[in-house]
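Listing of query.txt, compact mmCIF, C-alpha atoms
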# COMPACT_ATOMS: atom_id res chain seq x y z
CA MET H 405 -58.34 35.45 198.63
CA GLN H 406 -61.31 37.82 198.30
CA GLU H 407 -61.10 41.62 198.29
CA ASN H 408 -62.14 41.86 201.95
CA ASP H 409 -59.68 39.20 203.15
CA ILE H 410 -56.36 40.01 204.74
CA GLY H 411 -53.86 41.00 202.04
CA MET H 412 -50.20 41.92 201.72
CA LYS H 413 -51.15 45.55 201.05
CA GLU H 414 -50.39 46.44 204.66
CA PHE H 415 -46.78 45.35 204.17
CA VAL H 416 -45.84 46.42 200.68
CA ILE H 417 -45.50 49.41 198.36
CA SER H 418 -48.70 49.12 196.38
CA GLU H 419 -49.08 52.58 194.88
CA THR H 420 -47.90 53.29 191.37
CA GLN H 421 -46.52 56.77 192.09
CA SER H 422 -43.18 57.15 193.89
CA GLU H 423 -43.36 57.21 197.67
CA THR H 424 -40.68 58.66 199.91
CA ALA H 425 -38.82 56.35 202.25
CA VAL H 426 -36.57 56.61 205.30
CA LEU H 427 -34.04 53.81 205.83
CA VAL H 428 -32.91 52.51 209.23
CA GLY H 429 -29.91 50.28 209.97
CA LEU H 430 -27.76 49.23 212.92
CA ILE H 431 -24.00 49.42 213.46
CA THR H 432 -22.93 46.51 215.69
CA GLN H 433 -19.79 44.58 216.61
CA GLU H 434 -20.56 42.10 213.82
CA GLN H 435 -21.48 44.83 211.32
CA ASN H 436 -19.24 47.90 211.28
CA GLU H 437 -20.09 51.33 209.86
CA ASP H 438 -18.77 50.55 206.35
CA LYS H 439 -20.71 47.30 206.20
CA THR H 440 -23.90 49.02 207.38
CA LYS H 441 -23.45 51.66 204.66
CA GLU H 442 -23.13 48.90 202.04
CA TYR H 443 -26.27 47.19 203.33
CA LEU H 444 -28.19 50.49 203.30
CA ASP H 445 -26.93 51.20 199.76
CA GLU H 446 -28.38 47.84 198.76
CA LEU H 447 -31.60 48.56 200.68
CA GLU H 448 -31.90 51.89 198.83
CA PHE H 449 -31.46 50.05 195.53
CA LEU H 450 -34.18 47.59 196.61
CA ALA H 451 -36.47 50.52 197.52
CA ASP H 452 -35.76 52.16 194.16
CA THR H 453 -36.55 48.88 192.36
CA ALA H 454 -39.88 48.77 194.24
CA GLY H 455 -40.65 52.38 193.25
CA ALA H 456 -39.75 54.29 196.43
CA VAL H 457 -37.44 57.31 196.70
CA THR H 458 -35.09 57.37 199.70
CA VAL H 459 -34.92 60.79 201.39
CA LYS H 460 -33.06 60.03 204.65
CA ARG H 461 -31.02 57.36 206.47
CA PHE H 462 -30.75 56.73 210.18
CA THR H 463 -28.13 54.49 211.82
CA GLN H 464 -27.43 53.66 215.45
CA LYS H 465 -24.43 52.06 217.16
CA VAL H 466 -25.73 49.31 219.48
CA ASN H 467 -24.78 45.85 220.70
CA GLY H 468 -27.80 44.37 218.93
CA PRO H 469 -31.40 45.11 217.92
CA ASN H 470 -33.79 46.30 220.65
CA GLN H 471 -36.29 43.46 221.18
CA THR H 472 -39.30 45.81 221.30
CA THR H 473 -38.45 48.67 218.89
CA TYR H 474 -35.32 47.49 216.92
CA VAL H 475 -33.58 50.86 217.62
CA GLY H 476 -33.32 52.56 221.00
CA LYS H 477 -36.05 54.82 222.39
CA GLY H 478 -34.06 58.00 221.69
CA LYS H 479 -33.35 57.04 218.06
CA LEU H 480 -37.02 56.15 217.50
CA GLU H 481 -37.99 59.57 218.86
CA GLU H 482 -35.46 61.20 216.48
CA ILE H 483 -37.01 59.38 213.50
CA LYS H 484 -40.50 60.37 214.67
CA GLN H 485 -39.48 64.03 214.94
CA TYR H 486 -38.01 63.96 211.42
CA ILE H 487 -41.30 62.54 210.05
CA LEU H 488 -43.30 65.26 211.85
CA ASP H 489 -40.95 68.02 210.61
CA GLU H 490 -41.26 66.74 207.04
CA ALA H 491 -45.06 66.65 207.37
CA ASP H 492 -45.04 70.27 208.61
CA ALA H 493 -43.01 71.20 205.52
CA GLU H 494 -45.57 69.35 203.35
CA ARG H 495 -43.05 66.64 202.48
CA GLU H 496 -44.84 63.57 203.77
CA VAL H 497 -42.72 60.50 204.50
CA GLY H 498 -44.49 57.49 202.98
CA MET H 499 -42.71 54.72 204.86
CA VAL H 500 -39.80 53.70 207.06
CA ILE H 501 -37.81 50.66 205.90
CA PHE H 502 -35.67 48.65 208.33
CA ASP H 503 -32.63 46.73 207.06
CA ASP H 504 -33.40 43.53 209.00
CA GLU H 505 -36.49 41.41 209.39
CA LEU H 506 -38.66 42.81 212.18
CA SER H 507 -40.57 40.59 214.58
CA PRO H 508 -44.37 41.11 214.70
CA ARG H 509 -43.90 42.76 218.12
CA GLN H 510 -41.23 45.17 216.87
CA MET H 511 -43.30 46.09 213.82
CA ARG H 512 -46.41 46.74 215.91
CA ASN H 513 -44.55 48.91 218.44
CA ILE H 514 -42.70 50.93 215.79
CA GLU H 515 -45.88 51.52 213.80
CA ASN H 516 -47.74 52.67 216.92
CA GLU H 517 -44.97 55.18 217.57
CA LEU H 518 -44.21 56.48 214.06
CA LYS H 519 -47.76 56.32 212.58
CA VAL H 520 -46.50 55.60 209.04
CA LYS H 521 -46.13 52.45 206.93
CA ILE H 522 -43.37 50.20 208.29
CA LEU H 523 -41.51 47.76 206.06
CA ASP H 524 -38.55 45.50 206.67
CA ARG H 525 -36.09 44.01 204.20
CA THR H 526 -38.21 40.86 203.85
CA SER H 527 -41.48 42.61 202.97
CA LEU H 528 -39.63 44.87 200.52
CA ILE H 529 -38.03 41.90 198.71
CA LEU H 530 -41.42 40.13 198.67
CA ASP H 531 -42.94 43.21 197.02
CA ILE H 532 -40.26 43.18 194.30
CA PHE H 533 -40.71 39.43 193.79
CA ALA H 534 -44.46 40.00 193.37
CA MET H 535 -43.77 42.69 190.74
CA ARG H 536 -41.30 40.52 188.83
CA ALA H 537 -43.12 37.16 188.90
CA GLN H 538 -44.36 36.15 185.44
CA THR H 539 -44.88 32.37 185.34
CA ALA H 540 -47.32 30.30 187.37
CA ASN H 541 -44.41 28.81 189.33
CA ALA H 542 -42.93 32.18 190.33
CA LYS H 543 -46.33 33.67 191.20
CA THR H 544 -47.19 30.65 193.36
CA GLN H 545 -43.80 30.80 195.10
CA VAL H 546 -44.27 34.52 195.85
CA GLU H 547 -47.79 34.00 197.19
CA LEU H 548 -46.62 31.17 199.45
CA ALA H 549 -43.76 33.30 200.82
CA GLN H 550 -46.16 36.22 201.39
CA TYR H 551 -48.61 34.09 203.41
CA ARG H 552 -45.80 32.55 205.47
CA TYR H 553 -44.57 36.06 206.25
CA MET H 554 -48.08 37.30 207.01
CA LEU H 555 -49.21 34.47 209.31
CA PRO H 556 -47.42 35.56 212.53
CA ARG H 557 -48.33 39.20 211.78
CA LEU H 558 -52.12 38.80 211.63
CA GLN H 559 -52.58 40.27 215.11
CA ARG H 560 -50.84 43.46 213.99
CA LEU H 561 -53.07 43.69 210.92
CA TRP H 562 -56.25 43.48 212.95
CA THR H 563 -54.91 46.02 215.47
CA HIS H 564 -54.23 48.33 212.53
CA LEU H 565 -57.77 47.92 211.19
CA GLU H 566 -59.30 48.35 214.65
CA ARG H 567 -57.38 51.61 215.14
CA GLN H 568 -58.65 52.89 211.78
CA GLY H 569 -62.23 52.17 212.80
CA GLY H 570 -61.98 53.68 216.27
CA GLY H 571 -62.40 50.38 218.12
CA SER H 572 -65.53 48.56 219.19
CA GLY H 573 -68.46 49.86 221.15
CA GLY H 574 -71.80 51.55 220.62
CA GLY H 575 -70.60 54.78 218.97
CA GLY H 576 -68.03 53.04 216.83
CA GLY H 577 -66.42 56.27 215.68
CA LYS H 578 -65.92 57.63 212.21
CA GLY H 579 -65.29 55.00 209.54
CA SER H 580 -65.99 52.09 211.88
CA VAL H 581 -68.61 50.32 209.74
CA GLY H 582 -67.48 46.73 209.25
CA LEU H 583 -64.44 47.27 211.47
CA ARG H 584 -65.89 47.10 214.97
CA GLY H 585 -64.02 44.71 217.28
CA PRO H 586 -62.67 41.99 214.97
CA GLY H 587 -61.93 39.89 218.05
CA GLU H 588 -60.28 36.52 218.38
CA THR H 589 -62.91 34.69 216.30
CA GLN H 590 -62.17 36.67 213.13
CA LEU H 591 -58.43 36.36 213.79
CA GLU H 592 -58.67 32.58 214.06
CA MET H 593 -60.84 32.46 210.94
CA ASP H 594 -58.21 34.36 208.95
CA ARG H 595 -55.46 32.16 210.36
CA ARG H 596 -57.37 29.07 209.20
CA ILE H 597 -57.98 30.57 205.73
CA ILE H 598 -54.29 31.36 205.33
CA LEU H 599 -53.19 27.91 206.51
CA GLN H 600 -55.60 26.34 204.00
CA ARG H 601 -54.22 28.61 201.29
CA ILE H 602 -50.64 27.63 202.18
CA THR H 603 -51.57 23.92 201.90
CA LEU H 604 -53.22 24.55 198.50
CA LEU H 605 -50.19 26.49 197.21
CA LYS H 606 -47.82 23.72 198.33
CA GLN H 607 -49.94 21.18 196.42
CA ARG H 608 -49.90 23.44 193.36
CA LEU H 609 -46.11 23.73 193.54
CA LEU H 610 -45.77 19.93 193.68
CA GLU H 611 -47.87 19.69 190.50
CA ILE H 612 -45.77 22.40 188.78
CA GLU H 613 -42.60 20.58 189.87
CA ARG H 614 -43.86 17.32 188.32
CA GLN H 615 -44.47 19.16 185.04
CA LYS H 616 -40.96 20.72 185.17
CA ILE H 617 -39.35 17.31 185.77
CA THR H 618 -41.14 16.00 182.65
CA GLN H 619 -39.96 19.06 180.66
CA ARG H 620 -36.36 18.53 181.77
CA LYS H 621 -36.50 14.85 180.77
CA ASN H 622 -37.66 15.85 177.30
CA ARG H 623 -34.72 18.15 176.66
CA GLY H 624 -32.60 15.40 175.19
CA ARG H 625 -28.98 14.53 175.73
CA LEU H 626 -27.54 18.00 176.10
CA ILE H 627 -25.08 19.47 178.58
CA ARG H 628 -26.70 22.03 180.88
CA VAL H 629 -24.93 25.26 181.75
CA ALA H 630 -26.33 27.66 184.39
CA LEU H 631 -25.51 31.33 184.87
CA VAL H 632 -25.44 32.01 188.62
CA GLY H 633 -24.44 35.03 190.66
CA TYR H 634 -25.49 37.91 192.85
CA THR H 635 -28.46 39.97 191.72
CA ASN H 636 -27.76 42.72 189.15
CA VAL H 637 -24.34 41.46 188.01
CA GLY H 638 -25.29 41.21 184.32
CA LYS H 639 -26.36 37.55 183.95
CA SER H 640 -29.32 38.34 181.67
CA THR H 641 -27.20 40.61 179.45
CA LEU H 642 -24.66 37.81 179.12
CA MET H 643 -27.47 35.33 178.42
CA ASN H 644 -28.69 37.54 175.58
CA LEU H 645 -25.19 37.67 174.07
CA LEU H 646 -24.49 33.94 174.27
CA ALA H 647 -27.97 32.73 173.32
CA LYS H 648 -28.83 35.62 170.96
CA SER H 649 -32.16 35.81 172.77
CA GLU H 650 -34.16 38.62 174.37
CA VAL H 651 -34.23 37.98 178.12
CA PHE H 652 -35.40 40.94 180.23
CA ALA H 653 -32.28 42.78 181.43
CA GLU H 654 -32.45 45.94 183.52
CA ASN H 655 -30.30 47.80 186.05
CA LYS H 656 -32.59 46.78 188.89
CA LEU H 657 -32.43 44.11 191.56
CA PHE H 658 -34.24 40.86 190.73
CA ALA H 659 -34.89 41.83 187.09
CA THR H 660 -34.93 38.06 186.46
CA LEU H 661 -37.16 35.98 188.73
CA ASP H 662 -38.13 33.10 186.48
CA THR H 663 -35.43 30.76 185.22
CA THR H 664 -34.99 31.13 181.46
CA VAL H 665 -33.54 28.20 179.48
CA ARG H 666 -32.27 28.56 175.91
CA LYS H 667 -30.63 26.15 173.49
CA VAL H 668 -27.25 27.54 172.42
CA VAL H 669 -24.99 26.31 169.63
CA ILE H 670 -21.30 27.27 169.57
CA ASP H 671 -19.60 26.02 166.41
CA ASN H 672 -20.67 22.36 166.25
CA LEU H 673 -21.84 21.97 169.83
CA PRO H 674 -25.41 22.48 171.13
CA PHE H 675 -26.07 22.87 174.87
CA LEU H 676 -28.68 24.35 177.22
CA LEU H 677 -28.03 27.68 178.95
CA ALA H 678 -30.11 28.77 181.97
CA ASP H 679 -30.35 32.27 183.45
CA THR H 680 -31.31 32.02 187.14
CA VAL H 681 -32.64 34.35 189.83
CA GLY H 682 -29.91 36.42 191.49
CA PHE H 683 -28.83 35.85 195.08
CA ILE H 684 -28.75 38.59 197.72
CA ARG H 685 -27.38 39.13 201.22
CA LYS H 686 -29.61 38.78 204.28
CA LEU H 687 -32.26 36.84 202.37
CA PRO H 688 -34.72 35.49 204.98
CA THR H 689 -35.02 31.72 205.45
CA ASP H 690 -38.66 31.56 204.29
CA LEU H 691 -37.69 33.24 201.06
CA VAL H 692 -34.69 30.96 200.50
CA ASP H 693 -36.87 27.88 201.05
CA SER H 694 -39.62 29.20 198.78
CA PHE H 695 -37.26 30.03 195.96
CA LYS H 696 -35.01 26.99 196.06
CA SER H 697 -37.21 25.37 193.44
CA THR H 698 -36.47 28.28 191.06
CA LEU H 699 -32.85 27.14 191.36
CA ASP H 700 -33.59 23.58 190.23
CA GLU H 701 -31.83 24.42 186.97
CA VAL H 702 -28.68 25.03 189.04
CA ARG H 703 -28.99 21.62 190.72
CA GLU H 704 -29.58 19.91 187.37
CA SER H 705 -26.73 21.71 185.58
CA ASP H 706 -23.40 20.18 184.51
CA LEU H 707 -21.45 23.47 184.52
CA LEU H 708 -21.88 26.70 186.50
CA LEU H 709 -20.79 30.08 185.15
CA HIS H 710 -20.56 32.28 188.25
CA VAL H 711 -20.96 35.89 187.04
CA VAL H 712 -19.45 38.59 189.28
CA ASP H 713 -19.74 42.39 189.07
CA ILE H 714 -16.07 43.34 189.51
CA SER H 715 -16.95 47.06 189.58
CA HIS H 716 -18.92 46.58 192.81
CA PRO H 717 -16.85 47.67 195.86
CA ASP H 718 -17.96 44.61 197.79
CA PHE H 719 -17.77 41.97 195.04
CA GLU H 720 -15.74 39.59 197.22
CA GLU H 721 -18.54 39.31 199.78
CA GLN H 722 -21.03 38.83 196.95
CA ILE H 723 -18.90 35.90 195.74
CA ALA H 724 -19.01 34.45 199.27
CA VAL H 725 -22.84 34.82 199.43
CA VAL H 726 -23.25 32.98 196.11
CA GLU H 727 -20.81 30.21 197.08
CA LYS H 728 -22.60 29.72 200.42
CA THR H 729 -25.98 29.49 198.64
CA LEU H 730 -24.57 27.01 196.11
CA SER H 731 -23.20 24.95 198.98
CA ASP H 732 -26.65 24.97 200.64
CA LEU H 733 -28.11 23.69 197.36
CA GLY H 734 -25.55 20.86 197.30
CA CYS H 735 -23.85 22.32 194.21
CA ALA H 736 -20.46 23.28 195.67
CA ASP H 737 -18.64 20.45 193.86
CA LYS H 738 -20.04 21.09 190.38
CA PRO H 739 -17.60 22.16 187.62
CA SER H 740 -17.64 25.95 187.63
CA MET H 741 -15.87 29.07 186.40
CA ILE H 742 -15.96 32.68 187.56
CA VAL H 743 -16.77 35.30 184.92
CA PHE H 744 -15.84 38.79 186.14
CA ASN H 745 -18.22 41.16 184.35
CA LYS H 746 -18.39 44.98 184.06
CA ILE H 747 -14.65 45.59 183.61
CA ASP H 748 -15.71 48.74 181.69
CA ALA H 749 -17.17 50.16 184.94
CA TYR H 750 -14.19 49.29 187.19
CA THR H 751 -12.62 52.28 188.97
CA TRP H 752 -9.63 52.67 191.28
CA ILE H 753 -7.75 55.46 193.10
CA GLU H 754 -3.97 55.72 192.77
CA LYS H 755 -2.16 56.25 196.07
CA GLU H 756 -0.04 59.34 196.63
CA PRO H 757 3.74 58.60 196.49
CA ASP H 758 4.22 59.70 200.11
CA ASP H 759 1.26 57.62 201.38
CA LEU H 760 2.87 54.71 203.28
CA THR H 761 -0.36 53.09 204.50
CA PRO H 762 -1.15 49.60 203.12
CA PRO H 763 -3.12 49.71 199.84
CA THR H 764 -6.83 48.96 200.08
CA ARG H 765 -9.12 47.34 197.49
CA GLU H 766 -9.84 50.75 195.90
CA ASN H 767 -6.09 51.38 195.35
CA ILE H 768 -5.67 48.29 193.12
CA ASN H 769 -5.80 48.75 189.36
CA LEU H 770 -7.58 46.27 187.08
CA PRO H 771 -4.48 44.46 185.66
CA THR H 772 -3.17 43.82 189.19
CA LEU H 773 -6.57 42.56 190.32
CA GLN H 774 -6.79 40.28 187.28
CA LYS H 775 -3.36 38.74 188.02
CA THR H 776 -4.31 38.21 191.69
CA TRP H 777 -7.56 36.39 190.89
CA MET H 778 -6.10 34.38 188.02
CA ALA H 779 -3.40 33.09 190.36
CA LYS H 780 -5.96 32.44 193.10
CA LEU H 781 -8.30 30.49 190.76
CA ASN H 782 -5.59 28.75 188.68
CA ASP H 783 -6.66 30.74 185.60
CA ASN H 784 -10.23 29.37 185.93
CA CYS H 785 -11.73 32.81 185.40
CA LEU H 786 -12.23 35.44 182.70
CA PHE H 787 -12.67 39.21 182.72
CA ILE H 788 -15.33 40.58 180.37
CA SER H 789 -17.78 43.40 179.70
CA ALA H 790 -21.12 42.04 178.48
CA ARG H 791 -22.38 45.56 177.81
CA GLU H 792 -19.34 46.57 175.71
CA LYS H 793 -18.94 43.03 174.30
CA GLN H 794 -15.32 42.82 175.51
CA ASN H 795 -13.73 39.32 175.57
CA ILE H 796 -17.04 37.66 174.63
CA GLU H 797 -15.44 35.58 171.86
CA GLN H 798 -12.83 34.37 174.34
CA LEU H 799 -15.65 33.41 176.71
CA ARG H 800 -17.39 31.47 173.90
CA ASP H 801 -14.16 29.55 173.21
CA ILE H 802 -13.69 28.65 176.90
CA VAL H 803 -17.35 27.62 177.33
CA TYR H 804 -17.10 25.53 174.15
CA ALA H 805 -14.01 23.69 175.46
CA LYS H 806 -15.58 23.04 178.87
CA VAL H 807 -18.93 21.90 177.47
CA LYS H 808 -17.23 19.66 174.88
CA GLU H 809 -15.16 17.98 177.60
CA LEU H 810 -18.29 17.35 179.71
CA HIS H 811 -20.30 16.22 176.69
CA VAL H 812 -17.75 13.58 175.67
CA GLN H 813 -17.67 12.27 179.25
CA LYS H 814 -21.44 12.18 179.71
CA TYR H 815 -22.63 11.22 176.20
CA PRO H 816 -19.68 9.46 174.50
CA TYR H 817 -21.81 8.06 171.65
CA ASN H 818 -24.15 11.02 171.18
CA ASP H 819 -24.66 12.24 167.62
CA PHE H 820 -25.31 15.85 168.71
CA LEU H 821 -21.57 16.37 168.84
CA TYR H 822 -20.46 16.43 165.23
CA THR H 823 -17.41 17.59 163.31
CA THR H 824 -17.53 20.65 161.10
CA GLU H 825 -14.98 19.28 158.57
Could you write out this file's structure as structure tokens?
Amino acid sequence: MQENDIGMKEFVISETQSETAVLVGLITQEQNEDKTKEYLDELEFLADTAGAVTVKRFTQKVNGPNQTTYVGKGKLEEIKQYILDEADAEREVGMVIFDDELSPRQMRNIENELKVKILDRTSLILDIFAMRAQTANAKTQVELAQYRYMLPRLQRLWTHLERQGGGSGGGGGKGSVGLRGPGETQLEMDRRIILQRITLLKQRLLEIERQKITQRKNRGRLIRVALVGYTNVGKSTLMNLLAKSEVFAENKLFATLDTTVRKVVIDNLPFLLADTVGFIRKLPTDLVDSFKSTLDEVRESDLLLHVVDISHPDFEEQIAVVEKTLSDLGCADKPSMIVFNKIDAYTWIEKEPDDLTPPTRENINLPTLQKTWMAKLNDNCLFISAREKQNIEQLRDIVYAKVKELHVQKYPYNDFLYTTE
């Protein structure tokens, strides 16, 4: 769209310098205080990935989100006062980020009250996706998701512009040139432009998908292995080790957005290895739908290596999120194996001898945890450190055995599988 058209800049962090952010989350019956803290930790990591610095968190215990302002009136007033106090101290708050997707009505009401940029988890993730997208497919997917997100929020955008210009009328007010009374006509025009753009992007994605299908057909008779897992668990680092390639790996969320496929040879056996976009909790439906095509490599794969960050305090829920997403993709029954990564970063706290309370997850040492999971998964798992290269050779041996078994089943007369004698 042109420079003067509606853009995502109203919703995202567009500046290059660091902005300060305040985070807001709810404590409910379905989401206790510990869970809310974990979600806000993740939201802070998302904000950091997008280039914002978190300076304060606000939480509120409620039955559910307020339909008009997400938090209660008193809490909103408390947040507003904090922003004003920071401004008085010359520490301007750049934005307030809410941990759930806000409705257009909620966003409009909160912005009218707080007078700063308002983001929700969806717009923040979209911003990161836009930063990370490299290929035509990823860029098109991001743009489509942005327009779908923007469409019901057009009214808020025009209200925002009208407020900047001082409204319509003869005097117009300072800075009102070109902004006087956008009215329903302009709103409908923008809605039509965006709908046309969405149609065009969908057509472009179909064309890209046809090209990808052709590419996949031309890859020959090779077993396909996909690395899947939560975001920031070390998939790209592991990809680099196994494929001896240079895939972008960073301690940020969504460092990988485009699926990378490499040909790998272990001993006498070639196969294809794909590094896929990481999953995340509370990913909005529009985003899931838009990015399902980036997970085509998962659907097409013969073997899934589910990488887990065992040092993360909530790794079990991350496993559940990934398994649910795989199930949604129709991949729950594919041959798979869990690879517990980051054993070098695992920490635990030993209980005092006189402490008779039941042990929690943080009281379990690594050997005990390994035994528990190996029993639970019938030994179909491995514990490694991609960064420290611990147990990587063992992983190669296991992957070789699994790929060889699948290869013989799928391509019994294929000459790619040869003996080294």
Shortest interatomic distance to Thr635 in chain H - which of H:Trp777, H:Phe449, H:Tyr750, H:Tyr553, counting only C-alpha atoms |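 For Thr635 in chain H, the nearest of the candidates is H:Phe449.
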Would you compute the box with edges along x, y and z of the file around range 716-719 of chain H, including every atom the file lists for it and 3 Å extra on each side, and give its centre and edge lengths in Å to one decimal, as JSON?
{"center_x": -17.9, "center_y": 44.8, "center_z": 195.3, "size_x": 8.1, "size_y": 11.7, "size_z": 11.0}
Give one line per residue of range 422-470 of chain H that approaches range 487-490 of chain H to at most 12 Å, naming the two atoms of the closest pair and their distance in Å to one decimal, counting only C-alpha atoms; sort by chain then ascending residue number and deliver it as CSV.
residue,atom,partner,partner_atom,distance
H:Thr424,CA,H:Glu490,CA,10.8
H:Ala425,CA,H:Ile487,CA,10.3
H:Val426,CA,H:Ile487,CA,8.9
H:Val459,CA,H:Glu490,CA,10.4
H:Lys460,CA,H:Ile487,CA,10.2
Judged by all atoms listed in the file, the minimum distance to Leu691 in chain H among H:Arg608, H:Arg552, H:Lys465, H:Lys519 is found for H:Arg552
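If you look at CA of Val520 in chain H and CA of Gly429 in chain H, they are 17.4 Å away from each other.
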*asked:* I need the residue nearest Leu530 in chain H from this list: H:Ser507, H:Thr680, H:Thr453, H:Asn516. Use all atoms listed in the file for the distance.
replied: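 Using all atoms listed in the file, the shortest distance to Leu530 in chain H belongs to H:Thr453.
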Problem set entry | Straight-line distance linking CA of Met554 in chain H with CA of Ser527 in chain H, stated in Å to one decimal |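 These atoms are spaced 9.4 Å apart.
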- Query: Nearest to Thr641 in chain H among H:Asp759, H:Glu792, H:Glu517, H:Asp700, with distances taken over all atoms listed in the file: which residue is it?
  - Reply: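 Between H:Asp759, H:Glu792, H:Glu517, H:Asp700, the residue approaching Thr641 in chain H most closely is H:Glu792.
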Between CA of Leu626 in chain H and CA of Tyr815 in chain H, measure the distance and give it in Å to one decimal.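 Rounded to one decimal, the two atoms are 8.4 Å apart.
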Compile the contact shell of range 477-486 of chain H as number ranges by chain: residues with an atom at most 12 Å away, counting all atoms listed in the file, same-chain residues fewer than 3 positions apart removed. H: 425-430, 459-466, 469-474, 489-493, 495-497, 499-502, 510, 513-520
Near range 761-769 of chain H, within 10 Å and counting only C-alpha atoms, which residues show up once chain neighbours fewer than 4 positions away are dropped, as a PyMOL selection string?
chain H and resi 717-718+750-755+773-774
query = When distances are computed from all atoms listed in the file, which of H:Ile597, H:Gly498, H:Phe744, H:Val725 shows the smallest separation from Met778 in chain H?
reply =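 Of H:Ile597, H:Gly498, H:Phe744, H:Val725, the one nearest Met778 in chain H is H:Phe744, counting all atoms listed in the file.
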I'd like the contact shell of range 662-666 of chain H - 9 Å cut-off, all atoms listed in the file, skipping same-chain residues fewer than 4 positions apart - returned as a compact mmCIF listing (two decimals) with C-alpha atoms, keeping the file's coordinate frame.
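For reference, selection_13.txt as written:
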# COMPACT_ATOMS: atom_id res chain seq x y z
CA ARG H 536 -41.30 40.52 188.83
CA ALA H 537 -43.12 37.16 188.90
CA GLN H 538 -44.36 36.15 185.44
CA THR H 539 -44.88 32.37 185.34
CA ASN H 541 -44.41 28.81 189.33
CA ALA H 542 -42.93 32.18 190.33
CA ALA H 630 -26.33 27.66 184.39
CA MET H 643 -27.47 35.33 178.42
CA ALA H 647 -27.97 32.73 173.32
CA SER H 649 -32.16 35.81 172.77
CA VAL H 651 -34.23 37.98 178.12
CA PHE H 675 -26.07 22.87 174.87
CA LEU H 676 -28.68 24.35 177.22
CA LEU H 677 -28.03 27.68 178.95
CA ALA H 678 -30.11 28.77 181.97
CA ASP H 679 -30.35 32.27 183.45
CA THR H 680 -31.31 32.02 187.14
CA VAL H 681 -32.64 34.35 189.83
CA THR H 698 -36.47 28.28 191.06
CA LEU H 699 -32.85 27.14 191.36
CA ASP H 700 -33.59 23.58 190.23
CA GLU H 701 -31.83 24.42 186.97
With 9 Å as the threshold, what does the neighbourhood of (-13.1, 45.0, 178.2) contain in terms of residues, counting only C-alpha atoms? Coordinates are those of the file; answer as a list of chain:residue names. H:Asn745, H:Lys746, H:Ile747, H:Asp748, H:Phe787, H:Ile788, H:Ser789, H:Ala790, H:Glu792, H:Lys793, H:Gln794, H:Asn795
Go ahead and save the residues from that selection, with C-alpha atoms, as a compact mmCIF listing (two decimals), in the coordinates of the input.
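Output saved as result00.txt:
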# COMPACT_ATOMS: atom_id res chain seq x y z
CA ASN H 745 -18.22 41.16 184.35
CA LYS H 746 -18.39 44.98 184.06
CA ILE H 747 -14.65 45.59 183.61
CA ASP H 748 -15.71 48.74 181.69
CA PHE H 787 -12.67 39.21 182.72
CA ILE H 788 -15.33 40.58 180.37
CA SER H 789 -17.78 43.40 179.70
CA ALA H 790 -21.12 42.04 178.48
CA GLU H 792 -19.34 46.57 175.71
CA LYS H 793 -18.94 43.03 174.30
CA GLN H 794 -15.32 42.82 175.51
CA ASN H 795 -13.73 39.32 175.57
field: Ref. answer, residues at most 10 Å from (-40.4, 43.3, 195.4) with all atoms listed in the file, as a list in words
entry: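 The distance filter leaves exactly Val416, Ile417, Leu450, Ala451, Thr453, Ala454, Gly455, Arg525, Thr526, Ser527, Leu528, Ile529, Leu530, Asp531, Ile532, Phe533, Ala534, Met535, Arg536, Ala537, Val546, Leu657 and Phe658 of chain H.
Distances from H:Ser715, H:Asn636, H:Ile670, H:Asp737 to Glu446 in chain H were compared using only C-alpha atoms, and the smallest one belongs to H:Asn636.
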* If you count all atoms listed in the file, which residues fall within 8 Å of Leu708 in chain H, apart from same-chain ones fewer than 6 positions away, as a list of chain:residue names? -> H:Val629, H:Ala630, H:Leu631, H:Val632, H:Val702, H:Lys738, H:Pro739, H:Ser740, H:Met741
Store the residues picked out above in a file with C-alpha atoms, as a tab-separated table (two decimals), in the frame of the given file.
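out_17.tsv, written as the output of this step:
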chain	number	residue	atom	x	y	z
H	629	VAL	CA	-24.93	25.26	181.75
H	630	ALA	CA	-26.33	27.66	184.39
H	631	LEU	CA	-25.51	31.33	184.87
H	632	VAL	CA	-25.44	32.01	188.62
H	702	VAL	CA	-28.68	25.03	189.04
H	738	LYS	CA	-20.04	21.09	190.38
H	739	PRO	CA	-17.60	22.16	187.62
H	740	SER	CA	-17.64	25.95	187.63
H	741	MET	CA	-15.87	29.07	186.40
query: If you count all atoms listed in the file, which residues fall within 9 Å of Val637 in chain H, apart from same-chain ones fewer than 6 positions away, as number ranges by chain?
result: H: 655, 682, 711-714, 716, 745-746
